[in-house]
file start.cif (mmCIF, C-alpha atoms and all ligand atoms)
data_run
#
loop_
_atom_site.label_atom_id
_atom_site.label_comp_id
_atom_site.auth_asym_id
_atom_site.auth_seq_id
_atom_site.Cartn_x
_atom_site.Cartn_y
_atom_site.Cartn_z
CA MET S 1281 -65.78 -62.16 86.06
CA PHE S 1282 -68.91 -64.31 86.11
CA ASP S 1283 -70.04 -67.72 87.30
CA TYR S 1284 -71.39 -70.03 84.63
CA ASN S 1285 -74.06 -72.71 84.73
CA VAL S 1286 -73.49 -76.00 82.94
CA ASP S 1287 -75.16 -74.88 79.71
CA GLN S 1288 -73.27 -71.59 79.50
CA TYR S 1289 -69.93 -73.19 80.28
CA THR S 1290 -70.31 -76.09 77.85
CA ILE S 1291 -71.70 -74.00 74.98
CA VAL S 1292 -68.59 -71.79 75.06
CA SER S 1293 -66.40 -74.88 75.18
CA HIS S 1294 -68.25 -76.42 72.20
CA VAL S 1295 -68.21 -73.25 70.15
CA LEU S 1296 -64.45 -72.81 70.63
CA THR S 1297 -63.95 -76.42 69.55
CA LEU S 1298 -66.05 -75.84 66.44
CA GLY S 1299 -63.80 -72.89 65.67
CA TYR S 1300 -60.51 -74.78 65.59
CA ALA S 1301 -62.05 -77.87 63.99
CA VAL S 1302 -63.27 -75.75 61.06
CA MET S 1303 -59.79 -74.20 60.71
CA ALA S 1304 -58.24 -77.68 60.51
CA ALA S 1305 -60.80 -78.72 57.88
CA GLY S 1306 -60.14 -75.51 55.96
CA LEU S 1307 -56.41 -76.19 55.99
CA VAL S 1308 -56.90 -79.51 54.22
CA TYR S 1309 -59.30 -77.97 51.72
CA PHE S 1310 -57.03 -75.06 50.78
CA LEU S 1311 -53.94 -77.22 50.39
CA LEU S 1312 -55.70 -79.83 48.28
CA THR S 1313 -57.49 -77.38 45.96
CA ARG S 1314 -54.42 -75.20 45.46
CA ASN S 1315 -53.62 -76.69 42.05
CA SER S 1316 -57.02 -76.01 40.53
CA SER S 1317 -55.97 -72.48 39.66
CA ASP S 1318 -53.11 -71.06 37.66
CA ARG S 1319 -49.68 -70.72 39.31
CA ARG S 1320 -49.95 -66.99 39.82
CA TYR S 1321 -53.16 -67.35 41.87
CA GLN S 1322 -52.03 -70.32 43.94
CA LEU S 1323 -50.51 -67.93 46.44
CA ALA S 1324 -54.10 -67.12 47.52
CA SER S 1325 -54.65 -70.73 48.62
CA THR S 1326 -51.27 -70.80 50.35
CA LEU S 1327 -52.22 -67.63 52.23
CA SER S 1328 -55.56 -69.20 53.23
CA ALA S 1329 -53.57 -72.13 54.63
CA VAL S 1330 -51.41 -69.68 56.62
CA VAL S 1331 -54.58 -68.11 58.05
CA MET S 1332 -55.92 -71.56 58.96
CA ILE S 1333 -52.80 -72.60 60.86
CA SER S 1334 -52.57 -69.38 62.82
CA ALA S 1335 -56.29 -69.43 63.69
CA PHE S 1336 -56.16 -73.12 64.56
CA PHE S 1337 -53.49 -72.59 67.20
CA GLU S 1338 -55.07 -69.44 68.59
CA LEU S 1339 -58.49 -71.07 68.99
CA TRP S 1340 -56.89 -74.20 70.39
CA VAL S 1341 -55.09 -72.18 73.07
CA LEU S 1342 -58.25 -70.22 73.81
CA SER S 1343 -60.20 -73.41 74.21
CA GLN S 1344 -57.58 -74.84 76.60
CA ARG S 1345 -57.58 -71.62 78.59
CA TRP S 1346 -61.35 -71.76 78.89
CA SER S 1347 -61.23 -75.22 80.46
CA GLU S 1348 -58.45 -74.22 82.87
CA ALA S 1349 -60.03 -70.93 83.89
CA PHE S 1350 -62.98 -72.35 85.85
CA ASP S 1351 -63.56 -74.91 88.59
CA TRP S 1352 -66.80 -76.70 89.37
CA ASN S 1353 -67.88 -75.85 92.92
CA GLY S 1354 -70.85 -78.21 93.06
CA SER S 1355 -73.39 -75.79 91.65
CA ALA S 1356 -71.57 -73.53 89.16
CA TRP S 1357 -68.33 -73.05 87.22
CA VAL S 1358 -66.36 -70.39 89.08
CA GLN S 1359 -63.10 -68.55 88.35
CA SER S 1360 -59.90 -70.57 89.01
CA ASP S 1361 -56.41 -69.07 89.23
CA THR S 1362 -56.07 -69.05 85.42
CA LEU S 1363 -57.45 -66.08 83.50
CA PHE S 1364 -59.44 -66.48 80.29
CA THR S 1365 -58.89 -63.53 77.95
CA ASN S 1366 -59.89 -62.67 74.40
CA GLY S 1367 -56.63 -60.76 74.03
CA TYR S 1368 -55.19 -63.78 72.18
CA ARG S 1369 -57.60 -63.09 69.37
CA TYR S 1370 -56.00 -59.72 68.67
CA MET S 1371 -52.61 -61.40 68.28
CA ASN S 1372 -54.11 -63.80 65.75
CA TRP S 1373 -55.70 -60.91 63.84
CA SER S 1374 -52.27 -59.29 63.48
CA ILE S 1375 -51.41 -62.17 61.20
CA ASP S 1376 -54.77 -62.88 59.62
CA VAL S 1377 -56.06 -59.40 58.79
CA PRO S 1378 -53.05 -58.39 56.63
CA VAL S 1379 -52.91 -61.83 55.02
CA LEU S 1380 -56.66 -61.90 54.22
CA LEU S 1381 -56.41 -58.50 52.55
CA ILE S 1382 -53.33 -59.42 50.53
CA GLN S 1383 -55.14 -62.51 49.23
CA LEU S 1384 -57.67 -60.20 47.66
CA LEU S 1385 -54.93 -58.41 45.71
CA VAL S 1386 -53.52 -61.73 44.48
CA VAL S 1387 -56.88 -63.00 43.23
CA LEU S 1388 -57.84 -59.71 41.60
CA GLY S 1389 -54.53 -59.79 39.73
CA ILE S 1390 -53.25 -56.47 41.06
CA THR S 1391 -49.54 -56.14 40.41
CA GLY S 1392 -46.67 -53.65 40.38
CA ARG S 1393 -47.00 -50.26 42.01
CA ALA S 1394 -50.73 -50.59 42.68
CA PHE S 1395 -50.07 -53.85 44.52
CA HIS S 1396 -47.35 -52.28 46.59
CA ARG S 1397 -49.30 -49.18 47.51
CA THR S 1398 -52.47 -51.02 48.53
CA TRP S 1399 -50.44 -53.66 50.37
CA VAL S 1400 -48.79 -51.04 52.56
CA LEU S 1401 -52.13 -49.38 53.33
CA PHE S 1402 -53.79 -52.70 54.13
CA VAL S 1403 -51.05 -53.82 56.50
CA ALA S 1404 -50.59 -50.43 58.22
CA GLY S 1405 -54.35 -49.75 58.49
CA GLY S 1406 -55.08 -53.30 59.65
CA LEU S 1407 -52.42 -53.29 62.37
CA ALA S 1408 -53.45 -49.81 63.54
CA MET S 1409 -57.08 -50.98 63.81
CA ILE S 1410 -56.10 -54.08 65.78
CA TYR S 1411 -53.62 -52.57 68.22
CA THR S 1412 -55.76 -49.55 69.11
CA GLY S 1413 -58.63 -51.98 69.77
CA TYR S 1414 -56.23 -54.15 71.78
CA ALA S 1415 -55.36 -51.15 73.97
CA GLY S 1416 -59.07 -50.46 74.48
CA GLN S 1417 -60.09 -54.01 75.45
CA PHE S 1418 -58.03 -53.80 78.66
CA TYR S 1419 -60.72 -51.41 79.92
CA GLU S 1420 -63.70 -53.54 78.95
CA VAL S 1421 -64.59 -54.48 82.53
CA GLU S 1422 -64.90 -50.98 83.96
CA ARG S 1423 -65.61 -49.45 80.51
CA SER S 1424 -63.88 -46.19 81.39
CA ALA S 1425 -62.98 -43.52 78.81
CA PRO S 1426 -60.06 -45.43 77.17
CA PHE S 1427 -62.43 -48.27 76.21
CA TRP S 1428 -64.53 -45.84 74.15
CA ILE S 1429 -61.69 -43.66 72.86
CA TRP S 1430 -59.51 -46.51 71.61
CA GLY S 1431 -62.64 -48.19 70.22
CA LEU S 1432 -63.44 -45.06 68.22
CA VAL S 1433 -59.89 -44.63 66.94
CA SER S 1434 -59.90 -48.28 65.88
CA THR S 1435 -63.24 -47.76 64.12
CA ALA S 1436 -61.73 -44.92 62.08
CA PHE S 1437 -59.08 -47.32 60.72
CA PHE S 1438 -61.79 -49.93 60.14
CA VAL S 1439 -63.81 -47.51 57.99
CA LEU S 1440 -60.64 -46.64 56.06
CA LEU S 1441 -60.02 -50.34 55.38
CA LEU S 1442 -63.60 -50.91 54.25
CA VAL S 1443 -63.34 -48.00 51.80
CA LEU S 1444 -60.08 -49.45 50.46
CA VAL S 1445 -61.56 -52.92 50.10
CA ALA S 1446 -64.64 -51.56 48.31
CA ARG S 1447 -62.46 -49.54 45.94
CA THR S 1448 -60.21 -52.52 45.30
CA ILE S 1449 -63.09 -54.88 44.52
CA PHE S 1450 -65.37 -52.56 42.55
CA GLY S 1451 -62.47 -50.83 40.80
CA ASN S 1452 -61.29 -54.16 39.38
CA LEU S 1453 -64.61 -55.86 38.61
CA SER S 1454 -64.35 -55.11 34.89
CA ARG S 1455 -61.02 -56.98 34.74
CA LEU S 1456 -62.68 -60.17 35.93
CA PRO S 1457 -64.47 -62.61 33.62
CA ALA S 1458 -68.24 -62.09 33.75
CA SER S 1459 -68.71 -65.43 35.54
CA ALA S 1460 -66.57 -64.26 38.49
CA ARG S 1461 -68.12 -60.82 38.99
CA PRO S 1462 -71.14 -61.83 41.10
CA ILE S 1463 -68.82 -63.79 43.40
CA ALA S 1464 -66.50 -60.79 43.78
CA LYS S 1465 -69.51 -58.67 44.76
CA GLY S 1466 -70.46 -61.41 47.21
CA VAL S 1467 -66.98 -61.18 48.73
CA TRP S 1468 -67.58 -57.48 49.40
CA TRP S 1469 -70.84 -58.18 51.29
CA LEU S 1470 -69.22 -61.04 53.15
CA VAL S 1471 -66.34 -58.82 54.29
CA LEU S 1472 -68.71 -56.01 55.30
CA VAL S 1473 -71.00 -58.22 57.38
CA SER S 1474 -68.47 -60.65 58.85
CA TRP S 1475 -65.92 -57.98 59.82
CA MET S 1476 -68.63 -55.89 61.55
CA LEU S 1477 -69.20 -58.79 63.94
CA TYR S 1478 -65.80 -58.11 65.56
CA PRO S 1479 -66.61 -54.57 66.78
CA GLY S 1480 -70.00 -56.04 67.78
CA ALA S 1481 -68.17 -58.52 70.01
CA TYR S 1482 -65.96 -55.72 71.40
CA LEU S 1483 -69.09 -53.86 72.46
CA MET S 1484 -70.77 -56.94 73.95
CA PRO S 1485 -69.83 -56.18 77.61
CA ALA S 1486 -71.45 -52.74 77.20
CA MET S 1487 -74.64 -54.22 75.78
CA TRP S 1488 -74.98 -57.48 77.66
CA ASP S 1489 -72.85 -57.56 80.79
CA SER S 1490 -73.52 -61.09 82.07
CA ALA S 1491 -72.56 -64.75 81.64
CA ASP S 1492 -75.07 -65.00 78.76
CA GLY S 1493 -73.32 -62.05 77.15
CA VAL S 1494 -70.01 -63.94 77.36
CA VAL S 1495 -71.63 -66.91 75.61
CA ALA S 1496 -73.12 -64.63 72.92
CA ARG S 1497 -69.70 -63.03 72.44
CA GLN S 1498 -67.92 -66.34 71.81
CA ILE S 1499 -70.66 -67.37 69.37
CA THR S 1500 -70.30 -64.02 67.57
CA TYR S 1501 -66.51 -64.43 67.34
CA THR S 1502 -66.85 -67.96 66.01
CA VAL S 1503 -69.37 -67.04 63.32
CA ALA S 1504 -67.11 -64.12 62.37
CA ASP S 1505 -64.01 -66.35 62.25
CA ILE S 1506 -65.62 -69.02 60.09
CA THR S 1507 -67.10 -66.55 57.62
CA SER S 1508 -64.24 -64.03 57.41
CA LYS S 1509 -61.50 -66.64 57.08
CA VAL S 1510 -62.90 -69.90 55.70
CA VAL S 1511 -65.94 -68.92 53.61
CA TYR S 1512 -63.97 -65.91 52.32
CA GLY S 1513 -61.05 -68.15 51.33
CA VAL S 1514 -63.36 -70.58 49.55
CA LEU S 1515 -64.98 -67.75 47.56
CA LEU S 1516 -61.59 -66.28 46.59
CA GLY S 1517 -60.53 -69.77 45.47
CA ILE S 1518 -63.58 -70.00 43.22
CA ILE S 1519 -62.80 -66.60 41.69
CA ALA S 1520 -59.18 -67.68 41.14
CA ARG S 1521 -60.36 -70.83 39.35
CA LYS S 1522 -62.77 -68.93 37.12
CA VAL S 1523 -60.07 -66.44 36.18
CA SER S 1524 -57.74 -69.36 35.45
CA VAL S 1525 -60.33 -70.96 33.15
CA ASP S 1526 -60.70 -67.65 31.37
CA GLU S 1527 -56.94 -67.39 30.94
CA GLY S 1528 -56.79 -70.88 29.46
CA TYR S 1529 -55.25 -72.81 32.36
CA ALA S 1530 -56.05 -76.39 31.35
CA PRO S 1531 -56.55 -78.12 34.74
CA ALA S 1532 -59.04 -75.43 35.79
CA ALA S 1533 -60.88 -75.66 32.47
CA GLU S 1534 -61.16 -79.42 32.83
CA GLU S 1535 -62.70 -79.10 36.27
CA ASP S 1536 -65.10 -76.50 35.01
CA VAL S 1537 -66.64 -78.62 32.25
CA ALA S 1538 -69.90 -80.30 33.15
CA ARG S 1539 -69.57 -83.82 31.75
CA PRO S 1540 -72.80 -85.24 30.40
CA ARG S 1541 -73.51 -88.51 32.13
CA GLY S 1542 -76.66 -89.46 30.29
CA GLY S 1543 -80.05 -88.69 31.76
CA LEU S 1544 -81.34 -85.23 30.97
CA THR S 1545 -78.20 -84.14 29.14
CA SER S 1546 -78.17 -87.20 26.86
CA THR S 1547 -79.10 -86.67 23.25
CA ALA S 1548 -79.99 -90.34 22.70
C1 LIG I 1601 -61.90 -53.83 67.15
C2 LIG I 1601 -61.94 -52.78 68.26
C3 LIG I 1601 -63.21 -52.03 68.29
C4 LIG I 1601 -63.46 -51.31 67.00
C5 LIG I 1601 -63.21 -52.15 65.79
C6 LIG I 1601 -62.52 -53.36 65.85
C7 LIG I 1601 -62.46 -54.13 64.60
C8 LIG I 1601 -62.00 -55.37 64.44
C9 LIG I 1601 -62.02 -56.10 63.20
C10 LIG I 1601 -61.38 -57.30 63.20
C11 LIG I 1601 -61.32 -58.19 62.11
C12 LIG I 1601 -60.72 -59.35 62.26
C13 LIG I 1601 -60.63 -60.36 61.26
C14 LIG I 1601 -60.03 -61.48 61.60
C15 LIG I 1601 -59.95 -62.58 60.73
O1 LIG I 1601 -59.19 -63.42 60.82
C16 LIG I 1601 -60.42 -54.12 66.96
C17 LIG I 1601 -62.60 -55.08 67.68
C18 LIG I 1601 -63.75 -51.61 64.49
C19 LIG I 1601 -62.71 -55.57 62.01
C20 LIG I 1601 -61.19 -60.17 59.91
#

call {"tool": "encode", "arguments": {"input": "start.cif", "output": "structure tokens"}}
result
Amino acid sequence: MFDYNVDQYTIVSHVLTLGYAVMAAGLVYFLLTRNSSDRRYQLASTLSAVVMISAFFELWVLSQRWSEAFDWNGSAWVQSDTLFTNGYRYMNWSIDVPVLLIQLLVVLGITGRAFHRTWVLFVAGGLAMIYTGYAGQFYEVERSAPFWIWGLVSTAFFVLLLVLVARTIFGNLSRLPASARPIAKGVWWLVLVSWMLYPGAYLMPAMWDSADGVVARQITYTVADITSKVVYGVLLGIIARKVSVDEGYAPAAEEDVARPRGGLTSTA
């Protein structure tokens, strides 16, 4: 809907590239560190890898679409016959949101009926949040009533999910070894802050309806993607390793030992 100057156009292009490059890097990290925790927690790393692949392709496509969607007219980048749309992101979330939440259950060691019940709520609540928001974003240009109504309905599901996540984390803290508890609390704050960036980006056209707003929106999405998928996965991996050490899984224990190399730790 806007024309972009060179800075605005290239910043968006760079930020989208950063997004998929980080997902590719994350993929390697999660696959290679998978064995540092016990078998039953390795699924968490596998799920992080699934998130990385799906986000990589989505951000790749988005980045391609961005370069096709504008032509240089000699003084600005103007709309071509290809449309750039953030709707792709919602399709990616349909995979990533349920998977990210299930990872939490794996790492916290929730099994049996509790696993099943929370799993169903996470998937149903997550998809309801995403698809109601998806319906609303079609009205983001004119910002008529459906934009606000669907946004509100989606927010109700979002609040429900946050309550569930908080209950899941804080309700299971005592089952974690003491060394992993601060990280689990950190995961809660990370989820709260990084997930709130997505509704922030949804609202961006209402707050900042210009080419600069579009740039700010892509930056917001990218920060949210890197923190909610990659940093989150890394933290869950650390928790899984600490739990594995505590449960006597030898490879994790070996990695956890600080080996004296002389210097300050030497007794000589
Ligand atoms: C929408 C619509 C407006 C209201 C709200 C939304 C929330 C979106 C969220 C998305 C999270 C996505 C994640 C992706 C990670 O891969 C749908 C924008 C509340 C919370 C975590």

call {"tool": "closest_residue", "arguments": {"input": "start.cif", "among": "S:Leu1388, S:Val1358, S:Leu1312, S:Leu1327", "to": "ligand LIG 1601 (chain I)", "atoms": "only C-alpha atoms and all ligand atoms"}}
result
S:Leu1327

call {"tool": "closest_residue", "arguments": {"input": "start.cif", "among": "S:Val1525, S:Ala1481, S:Val1286, S:Ile1499", "to": "Ala1458 in chain S", "atoms": "all atoms listed in the file"}}
result
S:Val1525

call {"tool": "closest_residue", "arguments": {"input": "start.cif", "among": "S:Trp1488, S:Tyr1300, S:Tyr1414, S:Trp1428", "to": "Ser1334 in chain S", "atoms": "all atoms listed in the file"}}
result
S:Tyr1300

call {"tool": "atom_distance", "arguments": {"input": "start.cif", "atom1": "CA of Ser1374 in chain S", "atom2": "CA of Gly1406 in chain S"}}
result
7.6 Å

call {"tool": "closest_residue", "arguments": {"input": "start.cif", "among": "S:Glu1422, S:Asp1505, S:Asp1492, S:Asp1318", "to": "ligand LIG 1601 (chain I)", "atoms": "only C-alpha atoms and all ligand atoms"}}
result
S:Asp1505

call {"tool": "closest_residue", "arguments": {"input": "start.cif", "among": "S:Lys1522, S:Arg1461, S:Arg1314, S:Arg1423", "to": "Leu1483 in chain S", "atoms": "all atoms listed in the file"}}
result
S:Arg1423

call {"tool": "residues_near_point", "arguments": {"input": "start.cif", "point": "(-55.7, -61.9, 62.3)", "cutoff": "10 Å", "atoms": "all atoms listed in the file", "output": "VMD selection string"}}
result
chain S and resid 1331 1334 to 1335 1338 1369 to 1380 1406 to 1407 1410 1505 1509

call {"tool": "atom_distance", "arguments": {"input": "start.cif", "atom1": "CA of Met1303 in chain S", "atom2": "CA of Leu1381 in chain S"}}
result
18.0 Å

call {"tool": "residues_around", "arguments": {"input": "start.cif", "residues": "Trp1346 in chain S", "least_positions_apart": "3", "cutoff": "9 Å", "atoms": "all atoms listed in the file", "output": "compact mmCIF listing (two decimals) with C-alpha atoms, in the coordinates of the input"}}
result
# COMPACT_ATOMS: atom_id res chain seq x y z
CA TYR S 1289 -69.93 -73.19 80.28
CA VAL S 1292 -68.59 -71.79 75.06
CA SER S 1293 -66.40 -74.88 75.18
CA LEU S 1296 -64.45 -72.81 70.63
CA VAL S 1341 -55.09 -72.18 73.07
CA LEU S 1342 -58.25 -70.22 73.81
CA SER S 1343 -60.20 -73.41 74.21
CA ALA S 1349 -60.03 -70.93 83.89
CA PHE S 1350 -62.98 -72.35 85.85
CA THR S 1362 -56.07 -69.05 85.42
CA LEU S 1363 -57.45 -66.08 83.50
CA PHE S 1364 -59.44 -66.48 80.29
CA THR S 1365 -58.89 -63.53 77.95

call {"tool": "closest_residue", "arguments": {"input": "start.cif", "among": "S:Asp1283, S:Val1537, S:Met1484, S:Arg1320", "to": "Gly1354 in chain S", "atoms": "only C-alpha atoms"}}
result
S:Asp1283

call {"tool": "residues_around", "arguments": {"input": "start.cif", "residues": "Gln1383 in chain S", "least_positions_apart": "3", "cutoff": "10 Å", "atoms": "all atoms listed in the file", "output": "list of chain:residue names"}}
result
S:Tyr1321, S:Gln1322, S:Leu1323, S:Ala1324, S:Ser1325, S:Thr1326, S:Leu1327, S:Ser1328, S:Pro1378, S:Val1379, S:Leu1380, S:Val1386, S:Val1387, S:Leu1388, S:Gly1389, S:Tyr1512, S:Gly1513, S:Leu1516, S:Gly1517

call {"tool": "atom_distance", "arguments": {"input": "start.cif", "atom1": "CA of Trp1430 in chain S", "atom2": "CA of Ala1446 in chain S"}}
result
24.4 Å
